>>> print(open('start.csv').read())   # CSV, C-alpha atoms
chain,number,residue,atom,x,y,z
B,1,MET,CA,-9.8,58.0,38.2
B,2,LYS,CA,-11.1,55.7,35.5
B,3,LYS,CA,-7.5,54.8,34.5
B,4,ARG,CA,-6.7,53.9,38.1
B,5,ILE,CA,-9.8,51.6,38.4
B,6,ALA,CA,-8.9,50.0,35.1
B,7,LYS,CA,-5.4,49.3,36.2
B,8,LEU,CA,-6.6,47.8,39.5
B,9,LEU,CA,-9.1,45.6,37.6
B,10,ILE,CA,-6.3,44.4,35.3
B,11,PHE,CA,-4.0,43.8,38.2
B,12,ALA,CA,-6.7,41.8,40.1
B,13,MET,CA,-7.4,39.7,37.0
B,14,ILE,CA,-3.7,38.9,36.6
B,15,MET,CA,-3.3,38.0,40.2
B,16,GLY,CA,-6.4,35.8,40.0
B,17,ILE,CA,-5.0,34.0,37.0
B,18,SER,CA,-1.5,33.7,38.7
B,19,ALA,CA,-3.1,32.2,41.8
B,20,GLY,CA,-4.9,29.6,39.8
B,21,ALA,CA,-1.7,28.6,38.1
B,22,CYS,CA,-0.1,28.0,41.5
B,23,ILE,CA,-2.5,25.3,42.5
B,24,PRO,CA,-0.7,22.0,42.4
B,25,ASP,CA,-1.9,19.3,39.9
B,26,ALA,CA,-4.0,16.8,41.6
B,27,VAL,CA,-5.1,13.5,40.1
B,28,ALA,CA,-8.7,13.7,39.0
B,29,THR,CA,-11.1,11.7,41.1
B,30,ASP,CA,-14.1,12.3,38.9
B,31,VAL,CA,-12.5,10.5,36.0
B,32,LEU,CA,-11.7,6.8,35.7
B,33,ILE,CA,-9.1,5.5,33.2
B,34,ILE,CA,-10.4,2.3,31.9
B,35,CYS,CA,-8.8,-0.3,29.7
B,36,ASN,CA,-9.5,-3.6,28.0
B,37,LYS,CA,-9.1,-6.7,30.3
B,38,ASN,CA,-6.1,-7.9,28.2
B,39,VAL,CA,-4.0,-4.7,29.0
B,40,PRO,CA,-1.2,-5.8,31.3
B,41,ASP,CA,-0.6,-2.4,32.9
B,42,ALA,CA,-2.6,-2.1,36.1
B,43,SER,CA,-1.3,1.3,37.0
B,44,LEU,CA,0.0,4.3,35.0
B,45,SER,CA,1.4,7.7,36.0
B,46,LYS,CA,-0.3,10.9,35.0
B,47,ASP,CA,2.5,11.5,32.5
B,48,ASP,CA,2.0,8.0,31.0
B,49,ILE,CA,-1.7,8.9,30.5
B,50,ARG,CA,-0.8,12.2,28.9
B,51,ASN,CA,1.7,10.6,26.6
B,52,ILE,CA,-0.8,7.9,25.5
B,53,PHE,CA,-3.5,10.4,24.6
B,54,LEU,CA,-1.0,12.7,22.9
B,55,GLY,CA,0.2,9.8,20.8
B,56,MET,CA,3.7,9.7,22.3
B,57,LYS,CA,3.3,6.3,24.0
B,58,THR,CA,2.1,3.8,21.5
B,59,GLU,CA,2.7,0.4,23.1
B,60,TRP,CA,1.8,-1.3,26.4
B,61,SER,CA,4.5,-2.9,28.5
B,62,ASN,CA,3.9,-6.2,26.6
B,63,GLY,CA,4.6,-4.6,23.2
B,64,LYS,CA,0.9,-4.6,22.1
B,65,LYS,CA,-0.4,-1.5,20.4
B,66,ILE,CA,-2.3,1.1,22.5
B,67,VAL,CA,-5.7,2.1,21.1
B,68,PHE,CA,-6.9,5.2,22.9
B,69,VAL,CA,-10.3,6.6,22.5
B,70,THR,CA,-12.1,9.8,23.7
B,71,LEU,CA,-15.5,11.1,24.4
B,72,GLU,CA,-17.2,13.8,22.4
B,73,ASP,CA,-18.1,17.1,24.2
B,74,SER,CA,-19.2,16.5,27.7
B,75,ASP,CA,-18.3,17.5,31.3
B,76,ILE,CA,-16.3,14.3,31.8
B,77,ASN,CA,-14.3,14.9,28.5
B,78,GLU,CA,-13.5,18.5,29.6
B,79,SER,CA,-12.5,17.3,33.1
B,80,PHE,CA,-10.2,14.6,31.6
B,81,MET,CA,-8.6,17.0,29.2
B,82,LYS,CA,-7.9,19.6,31.8
B,83,ASP,CA,-6.8,17.2,34.6
B,84,TYR,CA,-4.7,14.8,32.6
B,85,LEU,CA,-3.6,16.6,29.5
B,86,SER,CA,-3.6,20.2,30.7
B,87,LYS,CA,-5.6,21.1,27.5
B,88,THR,CA,-9.0,22.2,26.7
B,89,PRO,CA,-11.0,20.0,24.3
B,90,PHE,CA,-10.4,22.7,21.6
B,91,GLN,CA,-6.7,22.6,22.2
B,92,PHE,CA,-6.7,18.8,22.1
B,93,THR,CA,-8.6,18.8,18.7
B,94,ALA,CA,-6.2,21.4,17.3
B,95,TYR,CA,-3.2,19.3,18.5
B,96,TRP,CA,-4.5,16.2,16.7
B,97,ARG,CA,-5.3,18.2,13.5
B,98,LYS,CA,-1.7,19.4,13.5
B,99,GLN,CA,-0.5,15.8,14.0
B,100,VAL,CA,-2.6,14.6,11.1
B,101,PHE,CA,-1.6,17.5,8.9
B,102,THR,CA,2.1,16.9,9.5
B,103,GLY,CA,1.8,13.1,9.1
B,104,LYS,CA,2.7,12.4,12.7
B,105,GLY,CA,-0.3,10.6,13.9
B,106,LYS,CA,-3.9,9.5,13.6
B,107,PRO,CA,-6.5,11.1,16.0
B,108,PRO,CA,-8.4,8.9,18.5
B,109,LYS,CA,-11.8,7.5,17.7
B,110,ASN,CA,-14.5,9.7,19.4
B,111,PHE,CA,-17.6,8.3,21.1
B,112,PRO,CA,-20.9,10.1,21.8
B,113,ASP,CA,-21.3,8.7,25.3
B,114,GLU,CA,-19.7,6.7,28.0
B,115,ALA,CA,-21.6,3.5,27.3
B,116,ALA,CA,-20.4,3.4,23.7
B,117,LEU,CA,-16.8,4.1,24.7
B,118,SER,CA,-16.9,1.4,27.4
B,119,ALA,CA,-18.3,-1.1,25.0
B,120,PHE,CA,-15.5,-0.3,22.5
B,121,VAL,CA,-12.8,-0.6,25.2
B,122,ALA,CA,-14.2,-3.9,26.4
B,123,ASN,CA,-14.2,-5.4,22.9
B,124,THR,CA,-10.9,-4.0,21.6
B,125,ASP,CA,-7.5,-5.4,22.6
B,126,GLY,CA,-5.2,-2.7,23.9
B,127,ALA,CA,-8.0,-0.1,24.2
B,128,VAL,CA,-7.9,2.6,26.8
B,129,GLY,CA,-10.4,5.4,27.5
B,130,TYR,CA,-12.0,7.3,30.4
B,131,VAL,CA,-15.4,7.5,32.0
B,132,SER,CA,-17.1,8.9,35.1
B,133,PRO,CA,-17.2,6.6,38.2
B,134,VAL,CA,-21.0,6.1,37.7
B,135,ALA,CA,-20.4,4.7,34.2
B,136,ARG,CA,-17.9,2.1,35.3
B,137,GLN,CA,-18.7,-1.4,34.0
B,138,ASP,CA,-17.3,-4.8,35.0
B,139,SER,CA,-16.4,-5.6,31.4
B,140,VAL,CA,-13.3,-3.3,31.6
B,141,ASN,CA,-10.5,-2.8,34.1
B,142,VAL,CA,-9.8,0.5,35.9
B,143,ILE,CA,-6.2,1.7,35.7
B,144,SER,CA,-4.8,3.0,39.0
B,145,VAL,CA,-3.2,6.4,38.5
B,146,LYS,CA,0.1,6.8,40.4
>>> encode(input="start.csv", output="structure tokens")
Amino acid sequence: MKKRIAKLLIFAMIMGISAGACIPDAVATDVLIICNKNVPDASLSKDDIRNIFLGMKTEWSNGKKIVFVTLEDSDINESFMKDYLSKTPFQFTAYWRKQVFTGKGKPPKNFPDEAALSAFVANTDGAVGYVSPVARQDSVNVISVK
């Protein structure tokens, strides 16, 4: 009897995980992608954002260098990583450690809060980051996600 219950529990867990995997990707609405006012790109695809933050897209459409920045541990950081990068913050950190170790990249600058990140983005040509809608400032542009 105990074996049957254990099998049912395992089956239920697998089905629950599988059902979650079938939910289509939606563009996050609780995260705003912000950029420096000099960035020429007004909209990006979710794949573009993923490629930027994984170091695969390094230049804006005008050829200027992309400077991407992230937040330290927070709900908005976790939401961004999950919704745009399909990674946990731990996986993202591990990814960048591997990139550094293999000489393939330099990790993004991390900020303790949204105000510091927004100020950096506002004052750095080519900078891009993310904040919650309540932290939006007029000193940066919001990128439309296609």
>>> closest_atom_pairs(input="start.csv", of="range 46-94 of chain B", to="range 116-126 of chain B", cutoff="12 Å", atoms="all atoms listed in the file", output="Markdown table")
| residue | atom | partner | partner_atom | distance |
| --- | --- | --- | --- | --- |
| B:Ile52 | CA | B:Gly126 | CA | 11.6 |
| B:Thr58 | CA | B:Gly126 | CA | 10.1 |
| B:Glu59 | CA | B:Gly126 | CA | 8.5 |
| B:Trp60 | CA | B:Gly126 | CA | 7.6 |
| B:Ser61 | CA | B:Gly126 | CA | 10.7 |
| B:Asn62 | CA | B:Gly126 | CA | 10.1 |
| B:Gly63 | CA | B:Gly126 | CA | 10.0 |
| B:Lys64 | CA | B:Gly126 | CA | 6.6 |
| B:Lys65 | CA | B:Gly126 | CA | 6.1 |
| B:Ile66 | CA | B:Gly126 | CA | 5.0 |
| B:Val67 | CA | B:Gly126 | CA | 5.6 |
| B:Phe68 | CA | B:Gly126 | CA | 8.1 |
| B:Val69 | CA | B:Leu117 | CA | 7.3 |
| B:Thr70 | CA | B:Leu117 | CA | 7.5 |
| B:Leu71 | CA | B:Leu117 | CA | 7.1 |
| B:Glu72 | CA | B:Leu117 | CA | 10.0 |
| B:Asn77 | CA | B:Leu117 | CA | 11.7 |
>>> closest_atom_pairs(input="start.csv", of="range 23-127 of chain B", to="range 131-137 of chain B", cutoff="7 Å", atoms="all atoms listed in the file", output="Markdown table")
| residue | atom | partner | partner_atom | distance |
| --- | --- | --- | --- | --- |
| B:Asp30 | CA | B:Ser132 | CA | 5.9 |
| B:Val31 | CA | B:Ser132 | CA | 5.0 |
| B:Leu32 | CA | B:Val131 | CA | 5.3 |
| B:Ile33 | CA | B:Val131 | CA | 6.7 |
| B:Ile76 | CA | B:Ser132 | CA | 6.4 |
| B:Glu114 | CA | B:Val131 | CA | 5.9 |
>>> closest_residue(input="start.csv", among="B:Asp138, B:Ser144, B:Tyr130, B:Thr102", to="Ser79 in chain B", atoms="all atoms listed in the file")
B:Tyr130
>>> closest_residue(input="start.csv", among="B:Pro112, B:Asp73, B:Gly55, B:Asn36", to="Val100 in chain B", atoms="all atoms listed in the file")
B:Gly55
>>> atom_distance(input="start.csv", atom1="CA of Met81 in chain B", atom2="CA of Leu44 in chain B")
16.4 Å
>>> residues_around(input="start.csv", residues="Trp96 in chain B", least_positions_apart="6", cutoff="9 Å", atoms="only C-alpha atoms", output="ChimeraX atom specification")
/B:54-55,105-108
>>> atom_distance(input="start.csv", atom1="CA of Cys35 in chain B", atom2="CA of Ile143 in chain B")
6.8 Å
>>> atom_distance(input="start.csv", atom1="CA of Val140 in chain B", atom2="CA of Lys37 in chain B")
5.6 Å
>>> residues_around(input="start.csv", residues="Val145 in chain B", least_positions_apart="5", cutoff="7 Å", atoms="all atoms listed in the file", output="list in words")
Ser43, Leu44, Ser45 and Lys46 of chain B
>>> build_atoms(input="start.csv", residues="range 106-138 of chain B", atoms="N, CA and C atoms", output="mmCIF file, keeping the file's coordinate frame")
data_model
loop_
_atom_site.group_PDB
_atom_site.id
_atom_site.type_symbol
_atom_site.label_atom_id
_atom_site.label_comp_id
_atom_site.auth_asym_id
_atom_site.auth_seq_id
_atom_site.Cartn_x
_atom_site.Cartn_y
_atom_site.Cartn_z
ATOM 1 N N LYS B 106 -2.530 9.715 13.970
ATOM 2 C CA LYS B 106 -3.900 9.500 13.600
ATOM 3 C C LYS B 106 -4.748 9.863 14.880
ATOM 4 N N PRO B 107 -5.758 10.720 14.772
ATOM 5 C CA PRO B 107 -6.500 11.100 16.000
ATOM 6 C C PRO B 107 -7.290 9.929 16.553
ATOM 7 N N PRO B 108 -7.620 10.029 17.830
ATOM 8 C CA PRO B 108 -8.400 8.900 18.500
ATOM 9 C C PRO B 108 -9.814 8.895 17.951
ATOM 10 N N LYS B 109 -10.385 7.715 18.058
ATOM 11 C CA LYS B 109 -11.800 7.500 17.700
ATOM 12 C C LYS B 109 -12.594 8.218 18.860
ATOM 13 N N ASN B 110 -13.634 8.937 18.476
ATOM 14 C CA ASN B 110 -14.500 9.700 19.400
ATOM 15 C C ASN B 110 -15.810 8.959 19.604
ATOM 16 N N PHE B 111 -16.325 8.964 20.816
ATOM 17 C CA PHE B 111 -17.600 8.300 21.100
ATOM 18 C C PHE B 111 -18.595 9.325 21.670
ATOM 19 N N PRO B 112 -19.876 9.167 21.328
ATOM 20 C CA PRO B 112 -20.900 10.100 21.800
ATOM 21 C C PRO B 112 -21.244 10.010 23.254
ATOM 22 N N ASP B 113 -21.002 8.836 23.848
ATOM 23 C CA ASP B 113 -21.300 8.700 25.300
ATOM 24 C C ASP B 113 -20.452 7.612 25.906
ATOM 25 N N GLU B 114 -20.515 7.562 27.221
ATOM 26 C CA GLU B 114 -19.700 6.700 28.000
ATOM 27 C C GLU B 114 -19.967 5.195 27.765
ATOM 28 N N ALA B 115 -21.222 4.872 27.534
ATOM 29 C CA ALA B 115 -21.600 3.500 27.300
ATOM 30 C C ALA B 115 -20.959 2.960 26.012
ATOM 31 N N ALA B 116 -20.992 3.761 24.962
ATOM 32 C CA ALA B 116 -20.400 3.400 23.700
ATOM 33 C C ALA B 116 -18.872 3.244 23.819
ATOM 34 N N LEU B 117 -18.260 4.189 24.527
ATOM 35 C CA LEU B 117 -16.800 4.100 24.700
ATOM 36 C C LEU B 117 -16.443 2.893 25.541
ATOM 37 N N SER B 118 -17.160 2.612 26.609
ATOM 38 C CA SER B 118 -16.900 1.400 27.400
ATOM 39 C C SER B 118 -17.027 0.142 26.650
ATOM 40 N N ALA B 119 -18.057 0.061 25.814
ATOM 41 C CA ALA B 119 -18.300 -1.100 25.000
ATOM 42 C C ALA B 119 -17.109 -1.334 24.027
ATOM 43 N N PHE B 120 -16.640 -0.251 23.409
ATOM 44 C CA PHE B 120 -15.500 -0.300 22.500
ATOM 45 C C PHE B 120 -14.257 -0.812 23.234
ATOM 46 N N VAL B 121 -13.988 -0.211 24.381
ATOM 47 C CA VAL B 121 -12.800 -0.600 25.200
ATOM 48 C C VAL B 121 -12.893 -2.050 25.582
ATOM 49 N N ALA B 122 -14.062 -2.496 25.996
ATOM 50 C CA ALA B 122 -14.200 -3.900 26.400
ATOM 51 C C ALA B 122 -13.990 -4.873 25.293
ATOM 52 N N ASN B 123 -14.291 -4.473 24.064
ATOM 53 C CA ASN B 123 -14.200 -5.400 22.900
ATOM 54 C C ASN B 123 -12.977 -5.180 22.037
ATOM 55 N N THR B 124 -12.052 -4.306 22.427
ATOM 56 C CA THR B 124 -10.900 -4.000 21.600
ATOM 57 C C THR B 124 -9.604 -4.218 22.372
ATOM 58 N N ASP B 125 -8.781 -5.161 21.906
ATOM 59 C CA ASP B 125 -7.500 -5.400 22.600
ATOM 60 C C ASP B 125 -6.657 -4.138 22.590
ATOM 61 N N GLY B 126 -6.079 -3.844 23.747
ATOM 62 C CA GLY B 126 -5.200 -2.700 23.900
ATOM 63 C C GLY B 126 -5.884 -1.366 24.046
ATOM 64 N N ALA B 127 -7.213 -1.368 24.124
ATOM 65 C CA ALA B 127 -8.000 -0.100 24.200
ATOM 66 C C ALA B 127 -7.907 0.522 25.575
ATOM 67 N N VAL B 128 -7.911 1.848 25.582
ATOM 68 C CA VAL B 128 -7.900 2.600 26.800
ATOM 69 C C VAL B 128 -8.784 3.867 26.584
ATOM 70 N N GLY B 129 -9.520 4.261 27.617
ATOM 71 C CA GLY B 129 -10.400 5.400 27.500
ATOM 72 C C GLY B 129 -10.640 5.959 28.934
ATOM 73 N N TYR B 130 -11.672 6.748 29.073
ATOM 74 C CA TYR B 130 -12.000 7.300 30.400
ATOM 75 C C TYR B 130 -13.518 7.480 30.496
ATOM 76 N N VAL B 131 -14.006 7.317 31.709
ATOM 77 C CA VAL B 131 -15.400 7.500 32.000
ATOM 78 C C VAL B 131 -15.591 8.058 33.401
ATOM 79 N N SER B 132 -16.799 8.437 33.728
ATOM 80 C CA SER B 132 -17.100 8.900 35.100
ATOM 81 C C SER B 132 -17.270 7.646 35.966
ATOM 82 N N PRO B 133 -17.087 7.785 37.270
ATOM 83 C CA PRO B 133 -17.200 6.600 38.200
ATOM 84 C C PRO B 133 -18.607 5.943 38.054
ATOM 85 N N VAL B 134 -19.658 6.697 37.792
ATOM 86 C CA VAL B 134 -21.000 6.100 37.700
ATOM 87 C C VAL B 134 -21.164 5.253 36.436
ATOM 88 N N ALA B 135 -20.314 5.472 35.439
ATOM 89 C CA ALA B 135 -20.400 4.700 34.200
ATOM 90 C C ALA B 135 -19.522 3.496 34.156
ATOM 91 N N ARG B 136 -18.830 3.221 35.247
ATOM 92 C CA ARG B 136 -17.900 2.100 35.300
ATOM 93 C C ARG B 136 -18.677 0.775 35.072
ATOM 94 N N GLN B 137 -18.064 -0.107 34.256
ATOM 95 C CA GLN B 137 -18.700 -1.400 34.000
ATOM 96 C C GLN B 137 -17.669 -2.509 34.313
ATOM 97 N N ASP B 138 -18.180 -3.688 34.652
ATOM 98 C CA ASP B 138 -17.300 -4.800 35.000
ATOM 99 C C ASP B 138 -16.595 -5.401 33.796
#
